[in-house]
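Undergrad: The file below is data.cif, mmCIF, C-alpha atoms:
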```
data_data
loop_
_atom_site.label_atom_id
_atom_site.label_comp_id
_atom_site.auth_asym_id
_atom_site.auth_seq_id
_atom_site.Cartn_x
_atom_site.Cartn_y
_atom_site.Cartn_z
CA MET B 122 -175.22 -5.51 -75.89
CA ARG B 123 -176.47 -5.84 -72.32
CA ALA B 124 -178.64 -3.17 -70.72
CA PHE B 125 -177.88 -2.16 -67.15
CA LEU B 126 -180.13 -0.78 -64.42
CA SER B 127 -178.79 2.25 -62.64
CA VAL B 128 -177.25 2.10 -59.16
CA ARG B 129 -180.14 4.24 -57.91
CA HIS B 130 -182.65 1.56 -58.95
CA VAL B 131 -180.67 -1.14 -57.14
CA LEU B 132 -180.22 0.95 -54.00
CA LEU B 133 -183.95 1.66 -53.89
CA LEU B 134 -184.62 -2.05 -54.23
CA SER B 135 -182.15 -3.20 -51.59
CA CYS B 136 -184.55 -2.26 -48.83
CA ILE B 137 -188.28 -2.67 -48.21
CA PRO B 138 -190.40 0.52 -48.20
CA ALA B 139 -192.06 0.91 -44.83
CA VAL B 140 -193.62 4.39 -44.78
CA CYS B 141 -193.42 6.94 -47.58
CA LEU B 142 -193.50 10.59 -46.55
CA GLY B 143 -193.89 13.04 -49.43
CA MET B 144 -192.82 12.52 -53.02
CA LEU B 145 -189.07 11.88 -52.60
CA SER B 146 -188.47 10.60 -49.09
CA CYS B 147 -189.22 7.12 -47.90
CA ALA B 148 -188.40 5.43 -44.57
CA THR B 149 -186.94 1.98 -45.16
CA VAL B 150 -186.12 -1.21 -43.33
CA GLN B 151 -182.69 -2.64 -44.26
CA GLN B 152 -182.61 -6.27 -45.47
CA PRO B 153 -180.27 -8.72 -43.67
CA ILE B 154 -176.92 -9.21 -45.40
CA GLY B 155 -176.50 -12.62 -47.06
CA VAL B 156 -172.68 -12.85 -46.98
CA ASN B 157 -171.31 -10.82 -44.06
CA THR B 158 -167.84 -10.30 -45.58
CA LEU B 159 -169.34 -8.47 -48.59
CA PRO B 160 -171.19 -5.14 -48.85
CA GLY B 161 -175.00 -5.06 -49.06
CA VAL B 162 -174.84 -3.68 -52.60
CA ILE B 163 -172.01 -4.89 -54.83
CA GLN B 164 -171.16 -2.70 -57.83
CA VAL B 165 -170.64 -4.72 -61.01
CA SER B 166 -168.97 -3.60 -64.22
CA ASP B 167 -168.41 -7.03 -65.81
CA TRP B 168 -170.47 -10.23 -65.79
CA PRO B 169 -170.06 -12.74 -64.34
CA TYR B 170 -169.07 -11.13 -61.07
CA TRP B 171 -166.31 -13.28 -59.54
CA LEU B 172 -166.00 -14.04 -55.83
CA ASP B 173 -163.20 -16.07 -54.25
CA ILE B 174 -164.04 -18.75 -51.71
CA PRO B 175 -160.94 -19.68 -49.68
CA ILE B 176 -160.54 -23.43 -49.16
CA GLU B 177 -158.25 -25.76 -47.24
CA GLU B 178 -158.87 -28.91 -49.28
CA THR B 179 -156.59 -29.75 -52.21
CA ASP B 180 -158.07 -33.13 -53.19
CA VAL B 181 -159.77 -32.33 -56.50
CA ASP B 182 -162.15 -35.33 -56.30
CA ARG B 183 -163.46 -34.26 -52.90
CA LEU B 184 -163.74 -30.63 -54.01
CA TRP B 185 -165.61 -31.62 -57.17
CA ARG B 186 -168.08 -33.86 -55.32
CA THR B 187 -168.82 -31.11 -52.78
CA VAL B 188 -169.35 -28.47 -55.48
CA ILE B 189 -171.66 -30.79 -57.47
CA ASP B 190 -173.59 -31.59 -54.28
CA VAL B 191 -174.05 -27.97 -53.15
CA VAL B 192 -174.65 -26.30 -56.52
CA GLY B 193 -176.58 -29.18 -58.12
CA GLU B 194 -178.99 -29.23 -55.19
CA ARG B 195 -180.00 -25.62 -55.90
CA ALA B 196 -179.70 -25.18 -59.68
CA ALA B 197 -179.75 -27.20 -62.89
CA ILE B 198 -176.23 -27.81 -64.15
CA ALA B 199 -175.80 -26.88 -67.82
CA VAL B 200 -172.07 -27.53 -68.34
CA MET B 201 -169.52 -29.37 -66.25
CA ASP B 202 -166.00 -30.58 -66.85
CA LYS B 203 -164.25 -32.29 -63.97
CA THR B 204 -160.86 -32.29 -65.71
CA SER B 205 -160.73 -28.50 -65.91
CA GLY B 206 -162.74 -27.99 -62.69
CA TYR B 207 -165.44 -25.98 -64.48
CA LEU B 208 -169.18 -25.93 -63.83
CA ARG B 209 -171.93 -23.57 -65.04
CA THR B 210 -175.63 -23.70 -64.23
CA GLU B 211 -178.68 -22.61 -66.16
CA PHE B 212 -180.40 -19.37 -65.16
CA LYS B 213 -182.72 -19.86 -62.21
CA HIS B 214 -185.51 -17.69 -60.77
CA SER B 215 -184.53 -15.51 -57.79
CA PRO B 216 -186.91 -13.80 -55.34
CA VAL B 217 -184.79 -10.62 -55.50
CA THR B 218 -186.41 -7.92 -57.63
CA TYR B 219 -184.88 -5.05 -59.60
CA GLY B 220 -187.19 -2.19 -60.57
CA GLY B 221 -190.16 -4.29 -59.48
CA LYS B 222 -189.19 -7.05 -61.92
CA THR B 223 -188.10 -10.53 -60.94
CA SER B 224 -184.55 -11.66 -61.57
CA GLN B 225 -182.66 -14.80 -62.51
CA GLU B 226 -179.27 -16.05 -61.36
CA ARG B 227 -176.67 -18.26 -63.01
CA TYR B 228 -173.55 -19.63 -61.30
CA THR B 229 -170.13 -20.55 -62.64
CA VAL B 230 -167.59 -22.42 -60.51
CA ARG B 231 -163.88 -22.87 -61.22
CA LEU B 232 -161.81 -25.04 -58.92
CA ARG B 233 -158.38 -23.61 -58.08
CA PRO B 234 -157.06 -25.98 -55.36
CA ARG B 235 -153.40 -25.07 -55.96
CA GLU B 236 -154.30 -21.44 -55.29
CA GLY B 237 -156.33 -22.39 -52.19
CA ARG B 238 -159.60 -21.07 -53.58
CA ILE B 239 -162.69 -21.65 -55.63
CA ARG B 240 -163.79 -18.96 -58.09
CA PHE B 241 -167.54 -18.45 -57.82
CA GLY B 242 -169.04 -16.52 -60.74
CA LEU B 243 -172.45 -14.92 -60.40
CA GLU B 244 -174.66 -13.53 -63.13
CA VAL B 245 -177.92 -11.75 -62.40
CA ARG B 246 -180.33 -10.67 -65.11
CA ILE B 247 -183.80 -9.21 -65.11
CA SER B 248 -186.36 -11.86 -66.05
CA ASP B 249 -187.79 -11.69 -69.59
CA THR B 250 -185.16 -9.14 -70.72
CA ASN B 251 -181.50 -8.99 -71.60
CA ALA B 252 -180.87 -6.35 -68.93
CA TYR B 253 -178.19 -6.92 -66.32
CA PRO B 254 -178.28 -4.68 -63.24
CA SER B 255 -175.25 -2.53 -62.42
CA SER B 256 -175.22 -3.93 -58.88
CA ILE B 257 -175.89 -7.18 -57.04
CA ILE B 258 -178.04 -7.13 -53.94
CA ASN B 259 -176.46 -9.16 -51.13
CA THR B 260 -179.41 -10.33 -49.01
CA VAL B 261 -180.36 -13.61 -47.37
CA GLN B 262 -183.19 -13.91 -49.92
CA ALA B 263 -180.71 -14.11 -52.82
CA PRO B 264 -180.12 -17.80 -53.61
CA TRP B 265 -176.43 -17.25 -54.48
CA THR B 266 -175.66 -16.29 -50.86
CA SER B 267 -176.68 -19.71 -49.51
CA ILE B 268 -174.52 -21.47 -52.13
CA TYR B 269 -171.54 -19.24 -51.31
CA ARG B 270 -171.92 -19.77 -47.54
CA GLU B 271 -172.36 -23.55 -47.77
CA LEU B 272 -169.39 -24.00 -50.11
CA GLN B 273 -167.26 -21.94 -47.77
CA GLN B 274 -168.42 -23.81 -44.66
CA ARG B 275 -168.11 -27.30 -46.12
CA LEU B 276 -164.78 -26.83 -47.87
CA VAL B 277 -163.02 -25.30 -44.90
CA ARG B 278 -164.12 -28.28 -42.77
CA ILE B 279 -162.91 -30.94 -45.23
CA ARG B 280 -159.49 -32.16 -44.12
#
```
Could I get this file's structure written as structure tokens?

TA:
Amino acid sequence: MRAFLSVRHVLLLSCIPAVCLGMLSCATVQQPIGVNTLPGVIQVSDWPYWLDIPIEETDVDRLWRTVIDVVGERAAIAVMDKTSGYLRTEFKHSPVTYGGKTSQERYTVRLRPREGRIRFGLEVRISDTNAYPSSIINTVQAPWTSIYRELQQRLVRIR
């Protein structure tokens, strides 16, 4: 059974405390959004959380090479199967914290060229625990956002 952090914990962590006034109020500075088409805090009820990346390329070999290049450059690949278009990484340290604790991210990719998309699965867990937060923080500091953006940029340009 996976433990979840509350939405309140995630919301408090999605910004940097600047000046605290009193016991309950705190002025904050909002963090830059990592993927502009998604909200700053993404509610999650099931892991992995799946995102669709629209693509124009249908050549599976070119798609596979691009995915291996982008994802493999940023995380250790644990499982990959070119025939089914499936890839999953190992958990990797992330600078994003939840409740003051560091987190780890793991990515799953499923190629769906006939559907014009790639399924990008994201798992976030609190380091040294089995706890999964109830939300994902979408900031430029989160490593998953750079993978998502680069896959989207590179695969729309392939022709």

Undergrad: Apply the PyMOL selection byres ((chain B and resi 241) around 8) to the displayed file and report the matching residues as a list of chain:residue names.

TA: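 Taken on the displayed file, the PyMOL selection byres ((chain B and resi 241) around 8) yields the residues B:Trp171, B:Leu172, B:Asp173, B:Ile174, B:Tyr228, B:Thr229, B:Val230, B:Arg231, B:Ile239, B:Arg240, B:Gly242, B:Leu243, B:Tyr269.
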
Undergrad: The PyMOL selection byres ((chain B and resi 155-161) around 6) on the file shown: which residues, as a ChimeraX atom specification?

TA: /B:154,162,259-261,266

Undergrad: Just how far from CA of Val245 in chain B is CA of Arg227 in chain B, in Å to one decimal?

TA: 6.7 Å

Undergrad: With all atoms listed in the file as the atoms that count, which of B:Gly221, B:Val277, B:Arg186, B:Tyr170 lies nearest to Arg238 in chain B?

TA: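 Of B:Gly221, B:Val277, B:Arg186, B:Tyr170, the one nearest Arg238 in chain B, counting all atoms listed in the file, is B:Val277.
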
Undergrad: Determine the residue set returned by the PyMOL selection byres ((chain B and resi 224) around 8) for the present structure, and present it as JSON, numbers by chain.

TA: {"B": [214, 215, 216, 217, 218, 219, 222, 223, 225, 226, 245, 246, 247, 248]}

Undergrad: Just the number, please: distance in Å from CA of Glu236 in chain B to CA of Glu211 in chain B, one decimal.

TA: 26.7 Å

Undergrad: So which one's closest to Tyr207 in chain B, B:Glu194, B:Ser256, B:Arg233, B:Asp182? Using all atoms listed in the file, please.

TA: B:Arg233

Undergrad: Give the padded box for range 186-197 of chain B as JSON: axis-aligned, covering all atoms listed in the file, 3 Å on each side, centre and edge lengths in Å to one decimal.

TA:
```
{"center_x": -174.0, "center_y": -29.5, "center_z": -57.8, "size_x": 17.9, "size_y": 14.7, "size_z": 16.1}
```

Undergrad: As an exercise, work out the distance from CA of Gln262 in chain B to CA of Pro169 in chain B in Å and give it to one decimal place.

TA: 19.5 Å

Undergrad: Every residue with an atom at most 6 Å from (-166.1, -26.3, -51.0) (file coordinates; only C-alpha atoms) is what I'm after, so could you write them as a list in words?

TA: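 All residues meeting the 6 Å criterion around (-166.1, -26.3, -51.0) are Leu184, Thr187, Val188, Leu272, Gln273, Arg275 and Leu276 of chain B.
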
Undergrad: Restricting the calculation to all atoms listed in the file, which member of B:Gly193, B:Pro234, B:Gly220, B:Pro153 is positioned closest to Glu178 in chain B?

TA: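 Of B:Gly193, B:Pro234, B:Gly220, B:Pro153, the one nearest Glu178 in chain B is B:Pro234, counting all atoms listed in the file.
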
Undergrad: From the options B:Asp180, B:Glu271, B:Asp249, B:Glu244, which residue's atoms come nearest to Ser166 in chain B, counting all atoms listed in the file?

TA: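 Closest to Ser166 in chain B, using all atoms listed in the file: B:Glu244.
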